[in-house]
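**Student:** So here's final_31.tsv, just TSV, C-alpha atoms:
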```
chain	number	residue	atom	x	y	z
X	1	MET	CA	-66.76	-15.03	-42.43
X	2	GLY	CA	-69.56	-17.41	-41.57
X	3	ASP	CA	-67.46	-20.34	-42.74
X	4	GLY	CA	-64.61	-19.24	-40.45
X	5	ARG	CA	-66.93	-19.12	-37.44
X	6	SER	CA	-68.30	-22.57	-38.18
X	7	LYS	CA	-64.77	-23.94	-38.58
X	8	ALA	CA	-63.73	-22.38	-35.29
X	9	ALA	CA	-66.74	-23.93	-33.53
X	10	GLU	CA	-65.95	-27.31	-35.07
X	11	TYR	CA	-62.29	-27.18	-34.06
X	12	ARG	CA	-63.18	-26.09	-30.52
X	13	LYS	CA	-65.59	-29.01	-30.22
X	14	PHE	CA	-62.90	-31.46	-31.36
X	15	TRP	CA	-60.41	-29.88	-28.93
X	16	ASP	CA	-62.90	-30.20	-26.11
X	17	ASP	CA	-63.71	-33.83	-27.00
X	18	GLU	CA	-60.04	-34.79	-27.05
X	19	MET	CA	-59.29	-32.98	-23.81
X	20	GLU	CA	-62.29	-34.61	-22.16
X	21	ALA	CA	-61.02	-38.03	-23.26
X	22	ALA	CA	-57.53	-37.23	-21.92
X	23	PHE	CA	-59.01	-36.05	-18.62
X	24	ARG	CA	-61.07	-39.23	-18.31
X	25	TYR	CA	-58.07	-41.46	-19.07
X	26	ARG	CA	-55.87	-39.75	-16.50
X	27	ALA	CA	-58.65	-40.04	-13.91
X	28	LEU	CA	-59.07	-43.73	-14.72
X	29	ALA	CA	-55.31	-44.22	-14.46
X	30	ALA	CA	-55.46	-42.93	-10.90
X	31	VAL	CA	-57.87	-45.70	-9.83
X	32	ALA	CA	-56.80	-48.46	-12.22
X	33	THR	CA	-54.69	-51.50	-11.44
X	34	GLU	CA	-50.92	-51.32	-11.88
X	35	GLU	CA	-51.27	-53.37	-15.05
X	36	GLN	CA	-53.88	-51.01	-16.55
X	37	ARG	CA	-52.42	-47.68	-15.37
X	38	PRO	CA	-49.72	-47.26	-18.08
X	39	ILE	CA	-52.31	-48.05	-20.77
X	40	PHE	CA	-54.60	-45.24	-19.63
X	41	VAL	CA	-51.66	-42.82	-19.31
X	42	ALA	CA	-50.51	-43.64	-22.85
X	43	LEU	CA	-54.05	-43.15	-24.17
X	44	ALA	CA	-54.28	-39.78	-22.39
X	45	ASP	CA	-50.99	-38.69	-23.99
X	46	VAL	CA	-52.32	-39.46	-27.46
X	47	GLU	CA	-55.60	-37.62	-26.81
X	48	GLU	CA	-53.68	-34.55	-25.65
X	49	ARG	CA	-51.61	-34.70	-28.83
X	50	HIS	CA	-54.86	-34.77	-30.82
X	51	ALA	CA	-56.15	-31.78	-28.85
X	52	HIS	CA	-52.90	-29.91	-29.62
X	53	HIS	CA	-53.57	-30.53	-33.32
X	54	TRP	CA	-56.98	-28.85	-33.07
X	55	ALA	CA	-55.45	-25.96	-31.11
X	56	LYS	CA	-53.01	-25.46	-34.00
X	57	LYS	CA	-55.91	-25.53	-36.49
X	58	LEU	CA	-57.63	-22.81	-34.46
X	59	ALA	CA	-54.45	-20.73	-34.52
X	60	GLU	CA	-54.26	-21.09	-38.30
X	61	ILE	CA	-57.60	-19.31	-38.68
X	62	GLY	CA	-56.75	-16.64	-36.10
X	63	GLU	CA	-58.61	-18.20	-33.18
X	64	HIS	CA	-57.43	-19.39	-29.79
X	65	ALA	CA	-58.09	-22.65	-28.00
X	66	PRO	CA	-59.49	-22.44	-24.48
X	67	SER	CA	-56.74	-21.85	-21.93
X	68	ALA	CA	-57.64	-24.96	-19.96
X	69	TYR	CA	-60.12	-27.82	-19.99
X	70	ALA	CA	-62.90	-27.66	-17.40
X	71	PRO	CA	-64.71	-30.98	-16.93
X	72	GLY	CA	-68.49	-30.75	-16.78
X	73	ILE	CA	-70.68	-32.17	-14.02
X	74	GLY	CA	-71.50	-35.23	-16.13
X	75	VAL	CA	-67.82	-36.09	-16.57
X	76	GLN	CA	-67.11	-35.64	-12.87
X	77	LEU	CA	-70.12	-37.78	-11.92
X	78	ASP	CA	-69.03	-40.57	-14.29
X	79	LEU	CA	-65.56	-40.62	-12.79
X	80	PHE	CA	-66.90	-40.47	-9.23
X	81	LEU	CA	-68.98	-43.57	-9.95
X	82	ALA	CA	-65.98	-45.25	-11.60
X	83	LYS	CA	-63.84	-44.56	-8.54
X	84	HIS	CA	-66.38	-45.98	-6.09
X	85	LEU	CA	-68.20	-48.63	-8.13
X	86	GLY	CA	-65.50	-49.89	-10.51
X	87	ILE	CA	-64.17	-48.70	-13.85
X	88	ARG	CA	-65.87	-51.17	-16.21
X	89	SER	CA	-68.83	-48.94	-17.05
X	90	ALA	CA	-66.55	-45.93	-17.60
X	91	VAL	CA	-64.21	-47.96	-19.83
X	92	ALA	CA	-67.17	-49.30	-21.83
X	93	ALA	CA	-68.44	-45.76	-22.39
X	94	MET	CA	-64.99	-44.62	-23.55
X	95	GLU	CA	-64.73	-47.62	-25.88
X	96	ARG	CA	-67.98	-46.57	-27.58
X	97	LYS	CA	-66.80	-42.96	-27.88
X	98	GLU	CA	-63.49	-44.03	-29.41
X	99	ARG	CA	-65.28	-46.10	-32.05
X	100	GLU	CA	-67.47	-43.12	-32.92
X	101	SER	CA	-64.46	-40.78	-33.09
X	102	SER	CA	-62.59	-43.07	-35.48
X	103	SER	CA	-65.41	-43.07	-38.02
X	104	MET	CA	-65.82	-39.31	-37.62
X	105	TYR	CA	-62.15	-38.65	-38.46
X	106	ASP	CA	-62.10	-41.04	-41.44
X	107	GLY	CA	-61.64	-39.01	-44.64
X	108	MET	CA	-61.60	-35.68	-42.75
X	109	SER	CA	-59.10	-33.38	-44.44
X	110	ASP	CA	-58.56	-31.26	-41.32
X	111	ALA	CA	-57.70	-34.26	-39.16
X	112	ALA	CA	-54.03	-35.17	-38.79
X	113	GLU	CA	-52.73	-38.27	-40.54
X	114	GLY	CA	-53.30	-41.32	-38.43
X	115	MET	CA	-55.82	-39.81	-36.02
X	116	ALA	CA	-58.60	-42.14	-37.17
X	117	ALA	CA	-56.29	-45.14	-36.86
X	118	GLU	CA	-55.21	-44.11	-33.38
X	119	GLU	CA	-58.83	-43.75	-32.26
X	120	ARG	CA	-59.56	-47.22	-33.63
X	121	GLY	CA	-56.55	-48.54	-31.77
X	122	HIS	CA	-57.82	-46.94	-28.57
X	123	GLY	CA	-61.19	-48.62	-29.02
X	124	ALA	CA	-59.50	-51.97	-29.54
X	125	ALA	CA	-57.30	-51.50	-26.46
X	126	LEU	CA	-60.30	-50.63	-24.31
X	127	ALA	CA	-62.22	-53.61	-25.66
X	128	ARG	CA	-59.32	-55.83	-24.56
X	129	ILE	CA	-59.44	-54.34	-21.07
X	130	LEU	CA	-63.15	-55.20	-20.91
X	131	ALA	CA	-62.61	-58.74	-22.23
X	132	PRO	CA	-62.34	-61.59	-19.70
X	133	LYS	CA	-58.73	-62.28	-18.74
X	134	ARG	CA	-57.24	-65.69	-19.52
X	135	SER	CA	-54.40	-67.48	-17.80
X	136	ASP	CA	-52.05	-66.67	-20.67
X	137	PRO	CA	-53.48	-63.94	-22.92
X	138	ARG	CA	-50.68	-64.35	-25.46
X	139	VAL	CA	-52.09	-67.71	-26.49
X	140	ASP	CA	-55.40	-66.06	-27.47
X	141	ILE	CA	-54.11	-63.22	-29.66
X	142	GLN	CA	-55.42	-64.72	-32.92
X	143	ARG	CA	-58.00	-67.20	-31.65
X	144	TYR	CA	-61.54	-67.01	-32.99
X	145	GLU	CA	-64.79	-68.53	-31.79
X	146	ARG	CA	-65.71	-72.00	-33.01
X	147	TRP	CA	-68.65	-70.65	-34.97
X	148	HIS	CA	-66.48	-68.28	-36.96
X	149	ARG	CA	-63.81	-70.89	-37.66
X	150	ALA	CA	-66.41	-73.36	-38.87
X	151	ASP	CA	-68.26	-70.76	-40.94
X	152	ALA	CA	-65.54	-68.63	-42.50
X	153	SER	CA	-67.63	-67.56	-45.49
X	154	GLY	CA	-70.97	-67.22	-43.71
X	155	ALA	CA	-72.45	-70.03	-45.83
X	156	VAL	CA	-73.48	-72.20	-42.86
X	157	ARG	CA	-75.18	-69.27	-41.18
X	158	ALA	CA	-76.95	-68.39	-44.43
X	159	ALA	CA	-78.09	-72.01	-44.85
X	160	VAL	CA	-79.53	-72.32	-41.34
X	161	PHE	CA	-81.38	-69.02	-41.48
X	162	GLY	CA	-82.38	-69.57	-45.10
X	163	ILE	CA	-84.13	-72.81	-44.14
X	164	ASN	CA	-85.80	-71.06	-41.23
X	165	ASP	CA	-87.02	-68.17	-43.41
X	166	GLY	CA	-88.29	-70.56	-46.06
X	167	LEU	CA	-90.15	-72.61	-43.49
X	168	VAL	CA	-91.91	-69.75	-41.73
X	169	ALA	CA	-92.60	-67.54	-44.75
X	170	ASN	CA	-93.92	-70.25	-47.06
X	171	ALA	CA	-95.81	-72.13	-44.36
X	172	SER	CA	-97.62	-68.91	-43.48
X	173	LEU	CA	-98.42	-68.36	-47.16
X	174	VAL	CA	-99.56	-71.94	-47.79
X	175	MET	CA	-101.67	-72.05	-44.62
X	176	GLY	CA	-103.25	-68.72	-45.42
X	177	VAL	CA	-104.28	-69.92	-48.87
X	178	ALA	CA	-105.35	-73.32	-47.49
X	179	GLY	CA	-107.57	-71.56	-44.98
X	180	GLY	CA	-109.25	-69.63	-47.80
X	181	THR	CA	-109.76	-72.42	-50.33
X	182	PRO	CA	-109.76	-76.24	-50.35
X	183	ASP	CA	-108.54	-76.30	-53.97
X	184	ARG	CA	-105.26	-78.25	-53.87
X	185	HIS	CA	-104.04	-76.81	-57.19
X	186	ILE	CA	-104.40	-73.21	-56.02
X	187	ILE	CA	-102.58	-74.06	-52.78
X	188	LEU	CA	-99.77	-75.72	-54.73
X	189	LEU	CA	-99.50	-72.79	-57.13
X	190	ALA	CA	-99.26	-70.34	-54.23
X	191	GLY	CA	-96.75	-72.51	-52.38
X	192	ILE	CA	-94.45	-73.07	-55.37
X	193	SER	CA	-94.66	-69.39	-56.35
X	194	GLY	CA	-93.75	-68.36	-52.78
X	195	LEU	CA	-90.90	-70.89	-52.77
X	196	LEU	CA	-89.34	-69.55	-55.98
X	197	ALA	CA	-89.91	-65.87	-55.23
X	198	GLY	CA	-88.44	-66.21	-51.74
X	199	ALA	CA	-85.44	-68.25	-52.89
X	200	PHE	CA	-84.45	-65.77	-55.59
X	201	SER	CA	-85.02	-62.85	-53.22
X	202	MET	CA	-82.92	-64.46	-50.48
X	203	GLY	CA	-80.09	-65.39	-52.83
X	204	ALA	CA	-79.93	-61.96	-54.46
X	205	GLY	CA	-80.22	-60.16	-51.11
X	206	GLU	CA	-77.41	-62.19	-49.52
X	207	TYR	CA	-75.16	-61.71	-52.56
X	208	ILE	CA	-75.59	-57.92	-52.45
X	209	SER	CA	-75.22	-57.82	-48.66
X	210	VAL	CA	-72.04	-59.93	-48.50
X	211	THR	CA	-70.50	-58.17	-51.52
X	212	SER	CA	-71.07	-54.76	-49.93
X	213	GLN	CA	-69.75	-55.97	-46.59
X	214	ARG	CA	-66.66	-57.51	-48.21
X	215	GLU	CA	-65.91	-54.30	-50.11
X	216	LEU	CA	-66.21	-52.30	-46.89
X	217	PHE	CA	-63.88	-54.69	-45.03
X	218	GLU	CA	-61.35	-54.66	-47.89
X	219	HIS	CA	-61.37	-50.85	-47.84
X	220	GLU	CA	-60.74	-50.81	-44.08
X	221	ILE	CA	-57.80	-53.20	-44.51
X	222	GLU	CA	-56.41	-51.03	-47.33
X	223	VAL	CA	-56.63	-47.96	-45.07
X	224	GLU	CA	-54.85	-49.90	-42.33
X	225	ALA	CA	-52.09	-50.93	-44.76
X	226	ARG	CA	-51.62	-47.32	-45.85
X	227	GLU	CA	-51.37	-46.19	-42.23
X	228	ILE	CA	-48.75	-48.88	-41.56
X	229	ASP	CA	-46.69	-47.54	-44.48
X	230	GLU	CA	-47.11	-43.86	-43.56
X	231	GLN	CA	-47.04	-44.01	-39.76
X	232	PRO	CA	-45.26	-47.17	-38.64
X	233	GLU	CA	-44.27	-45.76	-35.23
X	234	GLU	CA	-47.84	-44.83	-34.27
X	235	GLU	CA	-49.15	-48.21	-35.43
X	236	THR	CA	-46.41	-50.01	-33.48
X	237	GLU	CA	-47.42	-48.09	-30.37
X	238	GLU	CA	-51.12	-48.87	-30.90
X	239	LEU	CA	-50.43	-52.59	-31.30
X	240	ALA	CA	-48.31	-52.62	-28.15
X	241	LEU	CA	-51.17	-50.95	-26.27
X	242	ILE	CA	-53.60	-53.60	-27.46
X	243	TYR	CA	-51.30	-56.36	-26.22
X	244	GLN	CA	-50.82	-54.58	-22.90
X	245	ALA	CA	-54.59	-54.37	-22.54
X	246	LYS	CA	-54.68	-58.14	-22.99
X	247	GLY	CA	-52.38	-58.54	-20.02
X	248	VAL	CA	-49.00	-58.86	-21.77
X	249	PRO	CA	-46.25	-57.01	-19.79
X	250	LYS	CA	-45.30	-53.66	-21.31
X	251	SER	CA	-41.74	-54.58	-22.34
X	252	GLU	CA	-42.88	-57.84	-23.90
X	253	ALA	CA	-45.82	-56.16	-25.64
X	254	GLU	CA	-43.49	-53.56	-27.17
X	255	ALA	CA	-41.06	-56.26	-28.31
X	256	MET	CA	-43.88	-58.32	-29.86
X	257	SER	CA	-45.24	-55.25	-31.61
X	258	LYS	CA	-41.85	-54.32	-33.08
X	259	ARG	CA	-41.28	-57.88	-34.32
X	260	ILE	CA	-44.66	-57.97	-36.02
X	261	MET	CA	-44.30	-54.52	-37.58
X	262	ALA	CA	-40.95	-55.51	-39.09
X	263	ASP	CA	-42.85	-57.74	-41.56
X	264	ARG	CA	-45.38	-55.67	-43.54
X	265	ALA	CA	-47.62	-58.61	-44.48
X	266	GLN	CA	-47.73	-59.87	-40.91
X	267	ALA	CA	-48.33	-56.33	-39.64
X	268	ILE	CA	-51.34	-55.86	-41.94
X	269	ASP	CA	-52.74	-59.26	-40.98
X	270	THR	CA	-52.26	-58.72	-37.24
X	271	LEU	CA	-53.56	-55.15	-37.10
X	272	SER	CA	-56.57	-56.13	-39.21
X	273	ARG	CA	-57.40	-58.77	-36.63
X	274	GLU	CA	-56.46	-56.89	-33.47
X	275	GLU	CA	-57.46	-53.33	-34.32
X	276	LEU	CA	-60.28	-53.81	-36.82
X	277	GLY	CA	-61.55	-57.16	-35.58
X	278	LEU	CA	-61.32	-58.61	-39.12
X	279	ASN	CA	-59.74	-61.79	-40.42
X	280	PRO	CA	-58.38	-61.00	-43.91
X	281	ASP	CA	-58.75	-64.68	-44.86
X	282	GLU	CA	-62.42	-64.82	-43.84
X	283	LEU	CA	-64.22	-61.86	-45.38
X	284	GLY	CA	-67.04	-63.96	-46.82
X	285	SER	CA	-67.77	-65.40	-50.26
X	286	PRO	CA	-70.80	-63.64	-51.88
X	287	TRP	CA	-71.52	-66.48	-54.33
X	288	ARG	CA	-71.20	-69.21	-51.72
X	289	VAL	CA	-73.51	-67.40	-49.31
X	290	ALA	CA	-76.01	-66.54	-52.08
X	291	ILE	CA	-76.19	-70.12	-53.36
X	292	SER	CA	-76.40	-71.45	-49.81
X	293	SER	CA	-79.31	-69.11	-49.04
X	294	PHE	CA	-81.07	-69.93	-52.31
X	295	VAL	CA	-80.90	-73.70	-51.82
X	296	ALA	CA	-81.68	-73.50	-48.10
X	297	PHE	CA	-84.77	-71.38	-48.67
X	298	ILE	CA	-86.05	-73.88	-51.23
X	299	ILE	CA	-85.52	-76.75	-48.78
X	300	GLY	CA	-87.34	-74.94	-45.99
X	301	ALA	CA	-90.13	-73.63	-48.21
X	302	ALA	CA	-90.75	-77.07	-49.72
X	303	VAL	CA	-91.68	-78.66	-46.36
X	304	PRO	CA	-95.22	-77.20	-46.05
X	305	VAL	CA	-95.87	-77.70	-49.79
X	306	LEU	CA	-94.98	-81.42	-50.06
X	307	PRO	CA	-98.11	-82.82	-48.34
X	308	PHE	CA	-100.33	-81.06	-50.90
X	309	LEU	CA	-98.59	-82.95	-53.72
X	310	PHE	CA	-100.05	-86.21	-52.42
X	311	MET	CA	-103.07	-85.22	-50.31
X	312	SER	CA	-105.89	-82.71	-50.21
X	313	GLY	CA	-108.37	-81.28	-47.76
X	314	SER	CA	-107.97	-81.35	-44.00
X	315	SER	CA	-105.60	-84.34	-44.09
X	316	ALA	CA	-103.12	-82.33	-46.21
X	317	VAL	CA	-103.41	-79.35	-43.86
X	318	ILE	CA	-102.76	-81.52	-40.78
X	319	ALA	CA	-99.81	-83.23	-42.48
X	320	ALA	CA	-98.38	-79.85	-43.51
X	321	PHE	CA	-98.66	-78.59	-39.92
X	322	ALA	CA	-96.93	-81.74	-38.63
X	323	CYS	CA	-94.07	-81.52	-41.15
X	324	PHE	CA	-93.70	-77.80	-40.49
X	325	GLY	CA	-93.56	-78.31	-36.71
X	326	ALA	CA	-90.94	-81.07	-36.94
X	327	ALA	CA	-88.79	-78.94	-39.24
X	328	LEU	CA	-89.08	-75.94	-36.88
X	329	ILE	CA	-87.85	-78.06	-33.97
X	330	ALA	CA	-84.90	-79.30	-36.04
X	331	VAL	CA	-83.90	-75.79	-37.15
X	332	GLY	CA	-84.32	-74.36	-33.66
X	333	SER	CA	-82.11	-77.11	-32.26
X	334	ALA	CA	-79.45	-76.39	-34.90
X	335	ILE	CA	-79.47	-72.67	-34.05
X	336	GLY	CA	-79.06	-73.50	-30.36
X	337	ILE	CA	-76.12	-75.84	-31.06
X	338	PHE	CA	-74.39	-73.26	-33.28
X	339	ALA	CA	-74.88	-70.65	-30.55
X	340	GLY	CA	-73.23	-72.97	-28.01
X	341	ARG	CA	-76.41	-73.32	-25.94
X	342	SER	CA	-78.88	-76.08	-25.14
X	343	PRO	CA	-81.03	-76.83	-28.21
X	344	VAL	CA	-84.24	-77.22	-26.17
X	345	VAL	CA	-85.16	-73.56	-25.63
X	346	PRO	CA	-84.44	-72.39	-29.22
X	347	ALA	CA	-86.36	-75.41	-30.57
X	348	LEU	CA	-89.43	-74.65	-28.46
X	349	ARG	CA	-89.22	-70.95	-29.32
X	350	GLN	CA	-89.07	-71.74	-33.04
X	351	LEU	CA	-92.03	-74.10	-32.74
X	352	LEU	CA	-94.21	-71.67	-30.80
X	353	VAL	CA	-93.49	-68.61	-32.96
X	354	GLY	CA	-93.68	-70.46	-36.28
X	355	ALA	CA	-96.85	-72.35	-35.35
X	356	ALA	CA	-98.49	-69.14	-34.14
X	357	ALA	CA	-97.66	-67.36	-37.41
X	358	SER	CA	-98.98	-70.15	-39.64
X	359	LEU	CA	-102.09	-70.69	-37.51
X	360	ALA	CA	-102.83	-66.97	-37.60
X	361	THR	CA	-102.59	-66.83	-41.40
X	362	PHE	CA	-104.73	-69.99	-41.69
X	363	MET	CA	-107.50	-68.38	-39.60
X	364	ILE	CA	-107.23	-65.08	-41.50
X	365	GLY	CA	-107.39	-67.01	-44.78
X	366	ARG	CA	-110.48	-68.85	-43.57
X	367	LEU	CA	-112.20	-65.59	-42.64
X	368	ILE	CA	-111.33	-63.95	-45.98
X	369	GLY	CA	-112.23	-67.10	-47.95
X	370	GLY	CA	-115.54	-67.41	-46.15
X	371	SER	CA	-116.48	-63.79	-46.86
X	372	LEU	CA	-115.50	-64.10	-50.53
X	373	HIS	CA	-117.43	-67.35	-51.03
X	374	GLY	CA	-120.39	-66.02	-49.03
```
Take the structure in the file and write it out as structure tokens.
**Tutor:**
Amino acid sequence: MGDGRSKAAEYRKFWDDEMEAAFRYRALAAVATEEQRPIFVALADVEERHAHHWAKKLAEIGEHAPSAYAPGIGVQLDLFLAKHLGIRSAVAAMERKERESSSMYDGMSDAAEGMAAEERGHGAALARILAPKRSDPRVDIQRYERWHRADASGAVRAAVFGINDGLVANASLVMGVAGGTPDRHIILLAGISGLLAGAFSMGAGEYISVTSQRELFEHEIEVEAREIDEQPEEETEELALIYQAKGVPKSEAEAMSKRIMADRAQAIDTLSREELGLNPDELGSPWRVAISSFVAFIIGAAVPVLPFLFMSGSSAVIAAFACFGAALIAVGSAIGIFAGRSPVVPALRQLLVGAAASLATFMIGRLIGGSLHG
């Protein structure tokens, strides 16, 4: 009995969520541009179909769905603001809700086949509405940012941040030990130990991270492929909606979608990119990223250690600070360039933060070393 009541409450909540989404879409359609209006109407139709599914589930357990949906004050206020201040904030909120709904329906036995995929498609369509419009959106359907094209496996990113981590972490360690003892051999031992421990940790961590991420992406693509096989009409409709949201005229969007869906391999590739935001050819190489991180950390971590191979005392400390500072500026500049911004601000930020961290550990090491020797 208790299980039946909990099921009824769950189904009613899903019904209410879907009806709320449909209500919001129809309200947005009323204030949207002519280009956007059919997209919102189509999304509302799908949400009402989802709500009908939950009404049927309620009927199966002897319960009844509410006779009509009554929007709450919060919903009405959101739509009032959208009407008078613009729809972007309302669309952004719906895009977040659609993403959450898709993950909620994944693997749910009571959900209808394809509901999760449709919610994902809605999120992708809304994201396209929010994206800046281009003169010819069709040209940009499969275009990716320069950073992603240049770093398909994530190895360049791992190298840049691996060097940065090695620099800051090992410089802080070396300076802390150098502040506590003038013994060059102890400083070298600490620095080399930190270098090796950090490099192995970084390499192993990146391998596990990228492997897990790749497996997750592959699973999402497999689910998408299964949905293409089982529900080709719904997937065709979702793809057409995404293209319409990009600014492609409805008739042309539908024709493009049908052409793509006629070829299974192309359909999987396109929907993975457009609906999931994934490039099947660029899911990341765990070994490449792990090796890149390992080597990069060693390079970065070696910088503050090298002066102590040839010098000792305060001269070695000053040289280590100088080498560390120059390397921080270089890495910060590289990060700025990869991010498509001026390298000056990231370089200065890297220098200030890294220098502050190493100086702090040097002073702490001096205080601890002084108390131990005293």
**Student:** Choose the residue, out of X:Phe14, X:Ala253, X:Arg5, X:Thr270, that has the smallest atom-to-atom separation from His50 of chain X; count all atoms listed in the file.
**Tutor:**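 Looking only at the distances to His50 of chain X, the closest residue turns out to be X:Phe14.
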**Student:** Quick one: residues within 12 Å of Phe23 of chain X, only C-alpha atoms, excluding same-chain residues fewer than 3 positions away - as a VMD selection string?
**Tutor:** chain X and resid 16 to 20 26 to 30 40 to 41 43 to 48 51 68 to 72 75 to 76 78 to 79 94
**Student:** Nearest to Glu234 of chain X among X:Glu95, X:Glu34, X:Glu119, X:Asp269, with distances taken over all atoms listed in the file: which residue is it?
**Tutor:**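 Checking each candidate against Glu234 of chain X, we get X:Glu119 as the closest.
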**Student:** Could you tell me which of X:Thr33, X:Ser6, X:Ser201, X:Thr181 comes closest to Val295 of chain X if we count all atoms listed in the file?
**Tutor:** X:Ser201
**Student:** Do you know which residues are at most 8 Å from segment 259-267 of chain X counting all atoms listed in the file, after dropping those on the same chain fewer than 2 positions away, and could you put them as a list in words?
**Tutor:**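 Surrounding residues, per the criterion: Ile228, Pro232, Thr236, Ala255, Met256, Ser257, Asp269, Thr270 and Leu271 of chain X.
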**Student:** Between X:Ile329, X:Met175, X:Leu196, X:Leu359, which one has atoms that come closest to Phe308 of chain X, using only C-alpha atoms?
**Tutor:** X:Met175
**Student:** Which value, in Å to one decimal, gives the distance between atom CA of His53 of chain X and atom CA of Ala112 of chain X?
**Tutor:**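 So the two atoms, atom CA of His53 of chain X and atom CA of Ala112 of chain X, lie 7.2 Å apart.
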**Student:** Nearest to Ile221 of chain X among X:Val353, X:Ala204, X:Leu278, X:Ala171, with distances taken over all atoms listed in the file: which residue is it?
**Tutor:** X:Leu278
**Student:** What is the atom CA of Gln36 of chain X-atom CA of Glu254 of chain X distance in Å, reported with one decimal?
**Tutor:** 15.1 Å
**Student:** For a quick check of understanding, using all atoms listed in the file, which of X:Ala178, X:Ala199, X:Val223, X:Ile291 has the smallest distance to Arg366 of chain X?
**Tutor:**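 The shortest atom-to-atom distance to Arg366 of chain X comes from X:Ala178.
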**Student:** What is the distance between atom CA of Arg214 of chain X and atom CA of Leu195 of chain X, in Å to one decimal?
**Tutor:**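 About the pair atom CA of Arg214 of chain X and atom CA of Leu195 of chain X: they are 28.1 Å apart.
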**Student:** Every residue with an atom at most 7 Å from (-69.0, -63.9, -53.0) (file coordinates; all atoms listed in the file) is what I'm after, so could you write them as a PDB file with C-alpha atoms, in the frame of the given file?
**Tutor:**
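To be explicit, this is the file written out as out-v7.pdb:
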```
ATOM      1  CA  TYR X 207     -75.160 -61.710 -52.560  1.00  0.00           C
ATOM      2  CA  VAL X 210     -72.040 -59.930 -48.500  1.00  0.00           C
ATOM      3  CA  THR X 211     -70.500 -58.170 -51.520  1.00  0.00           C
ATOM      4  CA  GLY X 284     -67.040 -63.960 -46.820  1.00  0.00           C
ATOM      5  CA  SER X 285     -67.770 -65.400 -50.260  1.00  0.00           C
ATOM      6  CA  PRO X 286     -70.800 -63.640 -51.880  1.00  0.00           C
ATOM      7  CA  TRP X 287     -71.520 -66.480 -54.330  1.00  0.00           C
ATOM      8  CA  ARG X 288     -71.200 -69.210 -51.720  1.00  0.00           C
ATOM      9  CA  VAL X 289     -73.510 -67.400 -49.310  1.00  0.00           C
TER      10      VAL X 289
END
```
